[in-house]
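Below is one structure, written out as structure tokens; the observations come after it.
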Amino acid sequence: MAALESPPPGTPSAMRHAFGSVLSALILLLIGVLAFSIRLFSVIKYESVIHEFDPYFNYRVTQFLSKNGIYEFWNWFDDRTWYPLGRVIGGTVYPGLTLTAGTIWWVLNSLNIPLSVETVCVFTAPVFSAFASWATYLLTKEVKGSGAGLAAAALLAMVPSYISRSVAGSYDNEAVAIFALIFTFYLYIKTLNTGSLFYATLNAIAYFYMVCSWGGYTFIINLIPMHVLLCIVTGRYSPRLYIAYAPLVVLGTLLAALVPVVGFNAVLTSEHFASFLVFIIIHVIALVYYIKGILSPKMFKVAVTLVVSIGLVVCFIVVAVLVALVASSPTKGWSGRSLSLLDPTYASKYIPIIASVSEHQPPTWPSYFMDINVLAFLVPAGIVACFSPLSDASSFVVLYIVMSVYFSGVMVRLMLVLAPAACIMSGIALSQAFDVFTASIKYHLSGSSNSKDDAEDKTSTNNASKDDGSAGKTDKGEESAKERSSRKGKKKEREPADKPSVKSKIVKKKALVLPFEASIVALLLLIMLGAFYVIHCVWAAAEAYSAPSIVLTSQSRDGLHVFDDFRESYAWLSHNTDVDDKVASWWDYGYQTTAMANRTVIVDNNTWNNTHIATVGTAMSSPEKAAWEIFNSLDVKYVLVVFGGLIGYPSDDINKFLWMVRIGGGVFPHIKEADYLRDGQYRIDSEATPTMLNCLMYKLSYYRFVETDGKGFDRVRRTEIGKKNFKLTHFDEVFTSHHWMVRIYKLKPQKNRIRGRAKKLKLKTSSSKSAKKNPWI
Amino acid sequence: MAARIWILAVVVAVFLSLSAFSSAQDLQIVNAERRIDLSSQIVKAFLTLKVENIGKDPVAEMLLAFPPTQIKHLAMVQALAITGKKKKKTYLPLDVKPSEQPDAPNDAGFFIVSFATPLGPGETVKLEVLYILTHSLEPFPVEITQSESQLVYYHDSAVILSPYHIKQQTTFFKTPSTRVESFTSIEPANRAGKEIKYGPYEDRTPYSYTPVIVHFENNSPFAVVEELVREIEISHWGSLQITENYRLTHGGARHKGVFSRVDYQSRRSISGASSFNALLAVLPPRVNSVYYRDDIGNISTSHLRTGFRKSELEFEPRYPLFGGWKATFIIGYRVPLEDYLFEAPDDRRYLNFTFGCPLVETIVNKLTVKVVLPEGSKDPSAVLPFTVNQDLQVKYSYLDIVGRTVVVLQKDNVVPTHNVPFQVYYTFKPIYMLAEPFMLVSAFFFVFVASLAYVHIDLNIAKK
């Protein structure tokens, strides 16, 4: 970074320009390498394997795609999940990631480079994070020049928040979506700066890619209209704005509707409503400007009053119709996740499933420090830098950071959207600070000799490169000339047009000369800040975010312990059970079971059917017999529970159990949360309620656990279990992994029918009683 | 009772066929001793025969007969001629070939042993025959629970099936433990410790057959590789990459009911005696870059010991294998090329590598060895000491254009005795090694030329 701000002195400007661009290309390449390689800690420390939960689903879809081709993929009805309902994968999945990895795989294989689908999937995220940092460079360059661009790209390459979602193996939508997000913003700003229809079209295509990749595209389709509205309100309307916006809405919406998972939602749901409203407004404004141009001021006034009165009436009618339409839908046209964004308390009130996911919780302050580190302090400086001067582009990034700060405050997962904005802002701040400090140092160094002009010249070249993109700061009179020149497209030609404005800037810059010592100290402090950031990022990449979560390790005195229980039991399921057997587990393990064990599951991480999940939750919270009946009615043959009590693995099913109770109780009211709590406390020791001690989850987790140490001491809850010796009547233990982390039980076969009148009567009563409880009979 | 009827049937059949066959008998077996080792899942039988020519003409070969139940499980038959006495014994390997005898009684199978020199009238020769049977131990009970021990049946005959008259013979069965549930008693038969002795029996007519069943405990690992694909990829840049795809199963008595980890962990010797969870692979010396994984990632339990003569890879499947349980895994490693690739005198090159499966004491039902020759190799031919199915394929690997020739060798029913060297000869010009680097260099060159051209060409239509 520091090297950038000081171009070699004394060379002719053309040489300097060429050298500068080669240097920045080299730096960009290195940034790309850095972004890629910092994400390889997981491969080096662990292995080249798919991580977590959702990536396993994406991996499975990619496998299907690479094996069966794109048409089969669109029509894929997956009967291995959500049994007996199934799931139409082609129509319910954001295909961007899968198609990207599938294409990469296909290209490599047609070049006879025999990489497996898995390898391609593992390395997709690091590759795209390199792309994302290049896109950040482009975006920031459009806002504040290439110096800021390089700084922002370097920051983004290693921002922990983004690393957490894009380490090698983290094959999730966000991996490509963040690149798509930044690139779409870049193209929007580029269009805004140049007014070129070419870029506007590219922008729509980039938006299409974003829609393909991630549900977060609604962020774009709301942020850009907001910015357009902001520009209009602050009197910054220009034809460039129109070109940047109108084609995006038209083309973008049409393209978005092509993605099966979005479809007509692109015009029907409220998330997209703002864009259409602004689309109308911008047309009205455009019309007003046009009419203003052809009418005399007096005539214009008359026209305004006429149009405004008619327009108000029309608007009122339209708004009334829309409100009626929206109000008629129960969620007011918003999806649950969006609603929980607008009203942070919504999810915990109405949708326990969304609330139960830890990444949907609001973040804590330490997580800000963990995820964006020193950027949090640099962002305000960046915002200030964006206001001097405020251009269309810089107002956009300001708006972007403000919105993303809000969203990240609602959901910890959206910290990911904040990260690029924070990087851009910090990049701007750092670059501006370096500019000021180095310039004043140079000024002082050259102050003694007569080369004062040289320093000024240097400042001006710095500024010239910076001013490249920020077209908005030129005053109105210049605008038309500027526009014509920029329409020619190439960067080189823009420089002369900037010259006059640069001259005026130098005068301003002179006031910013700081004392020599102060700037030296400040520079050192900034470098230290940067170094601290780098150290933190490397630590985060190496330690905090590299674990694949299906393999756990622990360091003890006698070396490294590996807990590979998940894969052990998935492998067991896949080789030693019938291929059509159904496995019931809590939904967290659904994707992994289908991908690794290739067995049909009842529920999975795509939590689209609340009732179905509630059924499984109910079964887990019911006593053995009722649970057996529910599972049997779902054709379940095996029940899988995750148990961490033996080795102290905290995110096991017992710790998630209250969510099962809540979600189950939300649909089947006979499950009451209070029955599982003793005085409002969740416990499994001898104080626990009988309902708790008799529910299926407790029994399956602790079956014969007492025989391991004689006491039944649970290392996660740090207590002895409440009920120690019990037998299972309806389930058989068929597999328990080496460290007991996964336990698989088989449902006992149905008992033979019992003859005899008395018993028949008894059976009848019991079955009628259970029918009330069992939702599937 | 059923066994009795069996015997009767066989004896009747034998008598029926005798008249047709015995006419060509010039040989008789003076003394025969058979030791059958039942201690693992692979049944090894050592047969010591003293053969005498009682005819008038020299005889060049003799027949070995096997009952039809054994012939399809027969993995290997080897014969040695012993000359000299006691300390100066020399062993001479003899040629053994399967053969069809049109008038064989009861579908018995035959092998022809060719003597080194034809056996003159009145001469005797001492032979040692080793034959190996797979899948010949039948678990009974067929299903056992976790804590039960595995019991198996072994069916054989108390007397040696032979087309020749045998004057005196003895058969020993060696069981893995002293626990023998039962064995068919054909006098004189007795059991001492781990050994069951049948005989000596005198003067048995050709094709005598006396079925016996031994029911005994066998908890040795019944590791059966259902299918093994070994791919040996030759790179003239200096290494040999071997990738082995295993589909392993426990071939013993099927596991029934629950699997309790607490029992398995606390009472290992009693609970899960028939299961196994450790395997040993003997790899070549100087092996490097060893990996052990399956479809869903690395398997973390393995130890490698490298040595001068061999390397040993001790590894565990993801979970212990009980009867009928299956597991798949891949072992890959790399060895230096100079240890295995040589130049033949006729300017060809040949690969000298070990056939068979590196796992000790395992049966491979279907083994496919693929030797991937470097791109541009010609005229491949494989040389093996036994017959296998051979085939040629083409494989496309890193940046290949014409593809690599793959010599595919396929054999069923493979036992560790098949781990013998085999050779694949081919011709190869070293210039082909440079093809791929040249392609890469030229690709980069064209990229740079193209970008040069792009920068210098003005694509605008309108003049500025």
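If you're wondering about the labels, chains in the structure tokens are A, B, ... by order shown, residues count from 1 in each chain, ligands from 1 in order shown.
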
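Residues with any atom within 7 Å of Val180 of chain B, counting only C-alpha atoms and excluding same-chain neighbours fewer than 6 positions away, are His215, Phe216 and Glu217 of chain B.
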
Output for the residues just chosen: all heavy atoms as a tab-separated table (two decimals), in the first residue's frame:
chain	number	residue	atom	x	y	z
B	215	HIS	N	-16.58	-78.65	12.09
B	215	HIS	CA	-17.28	-77.46	12.59
B	215	HIS	C	-16.42	-76.88	13.71
B	215	HIS	O	-16.25	-77.50	14.74
B	215	HIS	CB	-18.65	-77.87	13.10
B	215	HIS	CG	-19.55	-76.70	13.36
B	215	HIS	ND1	-20.65	-76.79	14.15
B	215	HIS	CD2	-19.52	-75.43	12.90
B	215	HIS	CE1	-21.26	-75.62	14.20
B	215	HIS	NE2	-20.59	-74.77	13.43
B	216	PHE	N	-15.89	-75.71	13.49
B	216	PHE	CA	-14.92	-75.20	14.47
B	216	PHE	C	-15.03	-73.68	14.55
B	216	PHE	O	-15.67	-73.02	13.74
B	216	PHE	CB	-13.51	-75.62	14.08
B	216	PHE	CG	-13.09	-75.13	12.72
B	216	PHE	CD1	-12.28	-74.01	12.60
B	216	PHE	CD2	-13.52	-75.77	11.57
B	216	PHE	CE1	-11.91	-73.55	11.36
B	216	PHE	CE2	-13.13	-75.31	10.32
B	216	PHE	CZ	-12.33	-74.20	10.21
B	217	GLU	N	-14.34	-73.16	15.56
B	217	GLU	CA	-14.35	-71.71	15.77
B	217	GLU	C	-13.25	-71.08	14.92
B	217	GLU	O	-12.11	-71.55	14.91
B	217	GLU	CB	-14.10	-71.41	17.24
B	217	GLU	CG	-14.06	-69.94	17.56
B	217	GLU	CD	-13.54	-69.68	18.97
B	217	GLU	OE1	-12.39	-70.04	19.27
B	217	GLU	OE2	-14.32	-69.15	19.78

Find the residues of chain B in contact range of chain A, meaning any atom within 7 Å when counting only C-alpha atoms, and list them as a PyMOL selection string. chain B and resi 258-262+296-297+318-319+325-327+396-400

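Of all the residues in segment 42-223 of chain B, the ones DSSP labels as alpha helix (DSSP H) from the backbone are Pro68, Thr69, Gln70 and Ile71 of chain B.
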
Expected file contents, prior selection, all heavy atoms, as a PDB file, in the first residue's frame:
ATOM      1  N   PRO B  68     -16.109 -80.924  -7.461  1.00  0.00           N
ATOM      2  CA  PRO B  68     -16.704 -79.727  -8.081  1.00  0.00           C
ATOM      3  C   PRO B  68     -16.951 -78.606  -7.082  1.00  0.00           C
ATOM      4  O   PRO B  68     -16.908 -77.435  -7.452  1.00  0.00           O
ATOM      5  CB  PRO B  68     -18.009 -80.245  -8.674  1.00  0.00           C
ATOM      6  CG  PRO B  68     -18.237 -81.568  -8.055  1.00  0.00           C
ATOM      7  CD  PRO B  68     -16.917 -82.114  -7.690  1.00  0.00           C
ATOM      8  N   THR B  69     -17.203 -78.937  -5.815  1.00  0.00           N
ATOM      9  CA  THR B  69     -17.426 -77.871  -4.839  1.00  0.00           C
ATOM     10  C   THR B  69     -16.152 -77.077  -4.588  1.00  0.00           C
ATOM     11  O   THR B  69     -16.200 -75.926  -4.208  1.00  0.00           O
ATOM     12  CB  THR B  69     -17.921 -78.453  -3.501  1.00  0.00           C
ATOM     13  OG1 THR B  69     -17.074 -79.552  -3.178  1.00  0.00           O
ATOM     14  CG2 THR B  69     -19.353 -78.888  -3.575  1.00  0.00           C
ATOM     15  N   GLN B  70     -15.024 -77.720  -4.784  1.00  0.00           N
ATOM     16  CA  GLN B  70     -13.773 -77.010  -4.530  1.00  0.00           C
ATOM     17  C   GLN B  70     -13.237 -76.311  -5.763  1.00  0.00           C
ATOM     18  O   GLN B  70     -12.586 -75.288  -5.653  1.00  0.00           O
ATOM     19  CB  GLN B  70     -12.720 -77.995  -4.013  1.00  0.00           C
ATOM     20  CG  GLN B  70     -12.959 -78.405  -2.585  1.00  0.00           C
ATOM     21  CD  GLN B  70     -11.832 -79.254  -2.045  1.00  0.00           C
ATOM     22  OE1 GLN B  70     -10.908 -79.607  -2.751  1.00  0.00           O
ATOM     23  NE2 GLN B  70     -11.934 -79.600  -0.770  1.00  0.00           N
ATOM     24  N   ILE B  71     -13.553 -76.886  -6.921  1.00  0.00           N
ATOM     25  CA  ILE B  71     -12.880 -76.390  -8.115  1.00  0.00           C
ATOM     26  C   ILE B  71     -13.202 -74.916  -8.370  1.00  0.00           C
ATOM     27  O   ILE B  71     -12.369 -74.151  -8.821  1.00  0.00           O
ATOM     28  CB  ILE B  71     -13.230 -77.278  -9.342  1.00  0.00           C
ATOM     29  CG1 ILE B  71     -12.257 -77.027 -10.481  1.00  0.00           C
ATOM     30  CG2 ILE B  71     -14.637 -77.059  -9.838  1.00  0.00           C
ATOM     31  CD1 ILE B  71     -11.004 -77.827 -10.367  1.00  0.00           C
TER      32      ILE B  71
END

Ile242 of chain B environment, 7 Å, only C-alpha atoms, sequence neighbours closer than 2 positions dropped, as a PyMOL selection string: chain B and resi 230-233+240+244+332-334

Using only C-alpha atoms, which protein or nucleic acid residues come within 12 Å of Leu223 of chain A? Drop anything in the same chain fewer than 4 positions from it, and give the result as a PDB file with N, CA and C atoms, in the first residue's frame.
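Writing done, so here's result33.pdb:
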ATOM      1  N   LEU A 181     -22.002  -9.378  -5.946  1.00  0.00           N
ATOM      2  CA  LEU A 181     -22.520  -8.164  -5.315  1.00  0.00           C
ATOM      3  C   LEU A 181     -21.601  -6.970  -5.608  1.00  0.00           C
ATOM      4  N   THR A 184     -21.533  -6.084  -9.316  1.00  0.00           N
ATOM      5  CA  THR A 184     -22.742  -5.381  -9.745  1.00  0.00           C
ATOM      6  C   THR A 184     -22.670  -3.920  -9.327  1.00  0.00           C
ATOM      7  N   PHE A 185     -22.241  -3.695  -8.105  1.00  0.00           N
ATOM      8  CA  PHE A 185     -22.107  -2.306  -7.644  1.00  0.00           C
ATOM      9  C   PHE A 185     -21.090  -1.557  -8.491  1.00  0.00           C
ATOM     10  N   TYR A 188     -22.602  -0.652 -11.720  1.00  0.00           N
ATOM     11  CA  TYR A 188     -23.571   0.437 -11.526  1.00  0.00           C
ATOM     12  C   TYR A 188     -22.853   1.779 -11.442  1.00  0.00           C
ATOM     13  N   GLY A 216     -29.570 -12.793  -1.264  1.00  0.00           N
ATOM     14  CA  GLY A 216     -29.189 -11.439  -0.877  1.00  0.00           C
ATOM     15  C   GLY A 216     -29.259 -10.439  -2.014  1.00  0.00           C
ATOM     16  N   TYR A 217     -29.671 -10.871  -3.197  1.00  0.00           N
ATOM     17  CA  TYR A 217     -29.779  -9.926  -4.309  1.00  0.00           C
ATOM     18  C   TYR A 217     -30.793  -8.834  -4.006  1.00  0.00           C
ATOM     19  N   THR A 218     -31.723  -9.121  -3.088  1.00  0.00           N
ATOM     20  CA  THR A 218     -32.713  -8.088  -2.753  1.00  0.00           C
ATOM     21  C   THR A 218     -32.027  -6.872  -2.136  1.00  0.00           C
ATOM     22  N   PHE A 219     -30.857  -7.103  -1.570  1.00  0.00           N
ATOM     23  CA  PHE A 219     -30.093  -5.977  -1.041  1.00  0.00           C
ATOM     24  C   PHE A 219     -29.735  -5.020  -2.175  1.00  0.00           C
ATOM     25  N   HIS A 227     -30.366   4.703  -3.650  1.00  0.00           N
ATOM     26  CA  HIS A 227     -29.351   5.654  -4.074  1.00  0.00           C
ATOM     27  C   HIS A 227     -29.879   6.573  -5.165  1.00  0.00           C
ATOM     28  N   VAL A 228     -30.617   5.982  -6.091  1.00  0.00           N
ATOM     29  CA  VAL A 228     -31.197   6.788  -7.174  1.00  0.00           C
ATOM     30  C   VAL A 228     -32.114   7.846  -6.576  1.00  0.00           C
ATOM     31  N   LEU A 229     -32.922   7.414  -5.637  1.00  0.00           N
ATOM     32  CA  LEU A 229     -33.849   8.348  -4.986  1.00  0.00           C
ATOM     33  C   LEU A 229     -33.072   9.452  -4.274  1.00  0.00           C
ATOM     34  N   LEU A 230     -31.997   9.030  -3.618  1.00  0.00           N
ATOM     35  CA  LEU A 230     -31.156  10.001  -2.904  1.00  0.00           C
ATOM     36  C   LEU A 230     -30.603  11.029  -3.879  1.00  0.00           C
ATOM     37  N   TYR A 245     -29.884   3.395 -14.157  1.00  0.00           N
ATOM     38  CA  TYR A 245     -30.949   2.765 -13.388  1.00  0.00           C
ATOM     39  C   TYR A 245     -31.998   2.063 -14.245  1.00  0.00           C
ATOM     40  N   GLU A 271     -40.270  -7.052  -1.706  1.00  0.00           N
ATOM     41  CA  GLU A 271     -38.844  -6.755  -1.720  1.00  0.00           C
ATOM     42  C   GLU A 271     -38.457  -5.987  -2.973  1.00  0.00           C
ATOM     43  N   HIS A 272     -39.183  -6.250  -4.065  1.00  0.00           N
ATOM     44  CA  HIS A 272     -38.829  -5.614  -5.327  1.00  0.00           C
ATOM     45  C   HIS A 272     -39.634  -4.346  -5.565  1.00  0.00           C
ATOM     46  N   ALA A 274     -39.767  -1.398  -4.141  1.00  0.00           N
ATOM     47  CA  ALA A 274     -39.078  -0.112  -4.125  1.00  0.00           C
ATOM     48  C   ALA A 274     -38.484   0.204  -5.484  1.00  0.00           C
ATOM     49  N   SER A 275     -37.945  -0.816  -6.143  1.00  0.00           N
ATOM     50  CA  SER A 275     -37.291  -0.560  -7.420  1.00  0.00           C
ATOM     51  C   SER A 275     -38.300  -0.057  -8.454  1.00  0.00           C
ATOM     52  N   VAL A 278     -39.291   3.610  -7.645  1.00  0.00           N
ATOM     53  CA  VAL A 278     -38.242   4.542  -8.050  1.00  0.00           C
ATOM     54  C   VAL A 278     -38.156   4.606  -9.568  1.00  0.00           C
ATOM     55  N   SER A 395     -21.405   8.998  -2.755  1.00  0.00           N
ATOM     56  CA  SER A 395     -22.656   8.952  -1.994  1.00  0.00           C
ATOM     57  C   SER A 395     -23.213   7.535  -1.986  1.00  0.00           C
ATOM     58  N   PHE A 396     -22.956   6.811  -3.085  1.00  0.00           N
ATOM     59  CA  PHE A 396     -23.442   5.430  -3.125  1.00  0.00           C
ATOM     60  C   PHE A 396     -22.758   4.571  -2.069  1.00  0.00           C
ATOM     61  N   VAL A 397     -21.428   4.690  -1.975  1.00  0.00           N
ATOM     62  CA  VAL A 397     -20.759   3.829  -0.984  1.00  0.00           C
ATOM     63  C   VAL A 397     -21.134   4.234   0.437  1.00  0.00           C
ATOM     64  N   VAL A 398     -21.392   5.549   0.628  1.00  0.00           N
ATOM     65  CA  VAL A 398     -21.832   5.966   1.961  1.00  0.00           C
ATOM     66  C   VAL A 398     -23.168   5.309   2.294  1.00  0.00           C
ATOM     67  N   LEU A 399     -24.066   5.357   1.316  1.00  0.00           N
ATOM     68  CA  LEU A 399     -25.373   4.729   1.528  1.00  0.00           C
ATOM     69  C   LEU A 399     -25.214   3.225   1.786  1.00  0.00           C
ATOM     70  N   TYR A 400     -24.317   2.623   0.997  1.00  0.00           N
ATOM     71  CA  TYR A 400     -24.069   1.185   1.126  1.00  0.00           C
ATOM     72  C   TYR A 400     -23.603   0.848   2.545  1.00  0.00           C
ATOM     73  N   ILE A 401     -22.667   1.624   3.069  1.00  0.00           N
ATOM     74  CA  ILE A 401     -22.153   1.270   4.401  1.00  0.00           C
ATOM     75  C   ILE A 401     -23.226   1.489   5.455  1.00  0.00           C
ATOM     76  N   VAL A 402     -24.017   2.547   5.294  1.00  0.00           N
ATOM     77  CA  VAL A 402     -25.046   2.817   6.299  1.00  0.00           C
ATOM     78  C   VAL A 402     -26.050   1.676   6.337  1.00  0.00           C
ATOM     79  N   MET A 403     -26.514   1.270   5.156  1.00  0.00           N
ATOM     80  CA  MET A 403     -27.502   0.195   5.110  1.00  0.00           C
ATOM     81  C   MET A 403     -26.926  -1.111   5.647  1.00  0.00           C
ATOM     82  N   SER A 404     -25.692  -1.410   5.240  1.00  0.00           N
ATOM     83  CA  SER A 404     -25.152  -2.712   5.642  1.00  0.00           C
ATOM     84  C   SER A 404     -24.844  -2.743   7.139  1.00  0.00           C
ATOM     85  N   PHE A 407     -28.130  -3.709   8.602  1.00  0.00           N
ATOM     86  CA  PHE A 407     -28.494  -5.112   8.397  1.00  0.00           C
ATOM     87  C   PHE A 407     -27.608  -6.046   9.214  1.00  0.00           C
ATOM     88  N   VAL A 417     -22.164  -8.796   4.247  1.00  0.00           N
ATOM     89  CA  VAL A 417     -22.469  -7.710   3.326  1.00  0.00           C
ATOM     90  C   VAL A 417     -21.762  -6.437   3.780  1.00  0.00           C
TER      91      VAL A 417
END

Any idea what's packed within 10 Å of segment 190-192 of chain A, counting only C-alpha atoms, ignoring anything in its chain fewer than 3 positions away? Could you give it as a PyMOL selection string? chain A and resi 138-139+141-143+184-187+195-203+238-245+392-393+469-472

Phe123 of chain A surroundings by only C-alpha atoms, 12 Å radius, close-in-sequence under 6 positions cut, as a ChimeraX atom specification: /A:35-37,39-40,42-43,48-51,59,100-101,104-105,115-117,129-130,166-172,175-176

Okay, now the selection with N, CA and C atoms, as an mmCIF file, in the first residue's frame?
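Produced file again.cif, reproduced below:
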data_model
loop_
_atom_site.group_PDB
_atom_site.id
_atom_site.type_symbol
_atom_site.label_atom_id
_atom_site.label_comp_id
_atom_site.auth_asym_id
_atom_site.auth_seq_id
_atom_site.Cartn_x
_atom_site.Cartn_y
_atom_site.Cartn_z
ATOM 1 N N ALA A 35 -5.471 -13.439 -1.509
ATOM 2 C CA ALA A 35 -6.857 -13.798 -1.190
ATOM 3 C C ALA A 35 -7.058 -15.293 -1.333
ATOM 4 N N PHE A 36 -6.439 -15.872 -2.353
ATOM 5 C CA PHE A 36 -6.597 -17.309 -2.563
ATOM 6 C C PHE A 36 -5.874 -18.099 -1.474
ATOM 7 N N SER A 37 -4.623 -17.700 -1.221
ATOM 8 C CA SER A 37 -3.817 -18.575 -0.373
ATOM 9 C C SER A 37 -4.142 -18.434 1.105
ATOM 10 N N ARG A 39 -6.888 -18.479 2.264
ATOM 11 C CA ARG A 39 -8.049 -19.343 2.509
ATOM 12 C C ARG A 39 -7.704 -20.827 2.453
ATOM 13 N N LEU A 40 -6.434 -21.128 2.277
ATOM 14 C CA LEU A 40 -6.054 -22.532 2.163
ATOM 15 C C LEU A 40 -5.651 -23.156 3.491
ATOM 16 N N SER A 42 -7.431 -24.165 5.768
ATOM 17 C CA SER A 42 -8.270 -25.325 6.092
ATOM 18 C C SER A 42 -7.769 -26.569 5.381
ATOM 19 N N VAL A 43 -7.295 -26.398 4.147
ATOM 20 C CA VAL A 43 -6.799 -27.565 3.416
ATOM 21 C C VAL A 43 -5.493 -28.052 4.022
ATOM 22 N N SER A 48 -8.620 -31.433 2.181
ATOM 23 C CA SER A 48 -9.450 -30.856 1.127
ATOM 24 C C SER A 48 -10.811 -31.520 1.175
ATOM 25 N N VAL A 49 -11.707 -30.882 1.903
ATOM 26 C CA VAL A 49 -13.011 -31.508 2.107
ATOM 27 C C VAL A 49 -14.061 -30.403 2.183
ATOM 28 N N ILE A 50 -15.301 -30.750 1.858
ATOM 29 C CA ILE A 50 -16.385 -29.785 1.923
ATOM 30 C C ILE A 50 -16.715 -29.532 3.397
ATOM 31 N N HIS A 51 -17.029 -28.298 3.731
ATOM 32 C CA HIS A 51 -17.248 -27.943 5.129
ATOM 33 C C HIS A 51 -18.738 -27.917 5.483
ATOM 34 N N TYR A 59 -22.687 -29.265 -2.913
ATOM 35 C CA TYR A 59 -21.778 -30.242 -3.505
ATOM 36 C C TYR A 59 -22.574 -31.364 -4.169
ATOM 37 N N THR A 100 -21.725 -22.330 -11.680
ATOM 38 C CA THR A 100 -20.352 -21.844 -11.795
ATOM 39 C C THR A 100 -19.368 -22.986 -11.622
ATOM 40 N N ALA A 101 -19.514 -23.710 -10.524
ATOM 41 C CA ALA A 101 -18.573 -24.808 -10.266
ATOM 42 C C ALA A 101 -18.709 -25.882 -11.328
ATOM 43 N N ILE A 104 -16.864 -24.712 -14.364
ATOM 44 C CA ILE A 104 -15.410 -24.824 -14.178
ATOM 45 C C ILE A 104 -14.974 -26.276 -14.346
ATOM 46 N N TRP A 105 -15.737 -27.151 -13.725
ATOM 47 C CA TRP A 105 -15.405 -28.569 -13.819
ATOM 48 C C TRP A 105 -15.447 -29.050 -15.262
ATOM 49 N N LEU A 115 -9.673 -33.140 -12.614
ATOM 50 C CA LEU A 115 -9.956 -32.793 -11.223
ATOM 51 C C LEU A 115 -11.346 -33.312 -10.885
ATOM 52 N N SER A 116 -11.493 -33.760 -9.648
ATOM 53 C CA SER A 116 -12.801 -34.270 -9.263
ATOM 54 C C SER A 116 -13.735 -33.103 -8.974
ATOM 55 N N VAL A 117 -15.019 -33.399 -8.998
ATOM 56 C CA VAL A 117 -16.009 -32.362 -8.694
ATOM 57 C C VAL A 117 -15.743 -31.787 -7.311
ATOM 58 N N SER A 129 -12.946 -15.414 -4.171
ATOM 59 C CA SER A 129 -12.591 -14.301 -3.295
ATOM 60 C C SER A 129 -11.471 -13.482 -3.925
ATOM 61 N N ALA A 130 -10.621 -14.122 -4.738
ATOM 62 C CA ALA A 130 -9.647 -13.335 -5.499
ATOM 63 C C ALA A 130 -10.387 -12.422 -6.475
ATOM 64 N N SER A 166 -15.628 -18.128 3.068
ATOM 65 C CA SER A 166 -15.049 -18.487 1.774
ATOM 66 C C SER A 166 -13.725 -19.217 1.913
ATOM 67 N N VAL A 167 -13.489 -19.881 3.043
ATOM 68 C CA VAL A 167 -12.285 -20.699 3.122
ATOM 69 C C VAL A 167 -12.452 -21.871 2.161
ATOM 70 N N ALA A 168 -11.330 -22.460 1.793
ATOM 71 C CA ALA A 168 -11.399 -23.593 0.879
ATOM 72 C C ALA A 168 -12.273 -24.663 1.499
ATOM 73 N N GLY A 169 -13.285 -25.073 0.769
ATOM 74 C CA GLY A 169 -14.205 -26.079 1.282
ATOM 75 C C GLY A 169 -15.530 -25.507 1.680
ATOM 76 N N SER A 170 -15.556 -24.198 1.942
ATOM 77 C CA SER A 170 -16.809 -23.563 2.319
ATOM 78 C C SER A 170 -17.556 -23.230 1.036
ATOM 79 N N TYR A 171 -18.195 -24.250 0.515
ATOM 80 C CA TYR A 171 -18.765 -24.152 -0.828
ATOM 81 C C TYR A 171 -20.214 -23.670 -0.720
ATOM 82 N N ASP A 172 -20.367 -22.405 -0.396
ATOM 83 C CA ASP A 172 -21.715 -21.900 -0.181
ATOM 84 C C ASP A 172 -22.003 -20.741 -1.125
ATOM 85 N N ALA A 175 -20.006 -17.567 -1.324
ATOM 86 C CA ALA A 175 -18.672 -17.589 -1.902
ATOM 87 C C ALA A 175 -18.639 -16.843 -3.231
ATOM 88 N N VAL A 176 -19.633 -17.110 -4.085
ATOM 89 C CA VAL A 176 -19.641 -16.391 -5.353
ATOM 90 C C VAL A 176 -20.480 -15.126 -5.258
#

With distances taken over only C-alpha atoms, the candidate from B:Leu373, B:Arg286, B:Tyr425, B:Phe315 nearest Arg349 of chain B is B:Tyr425
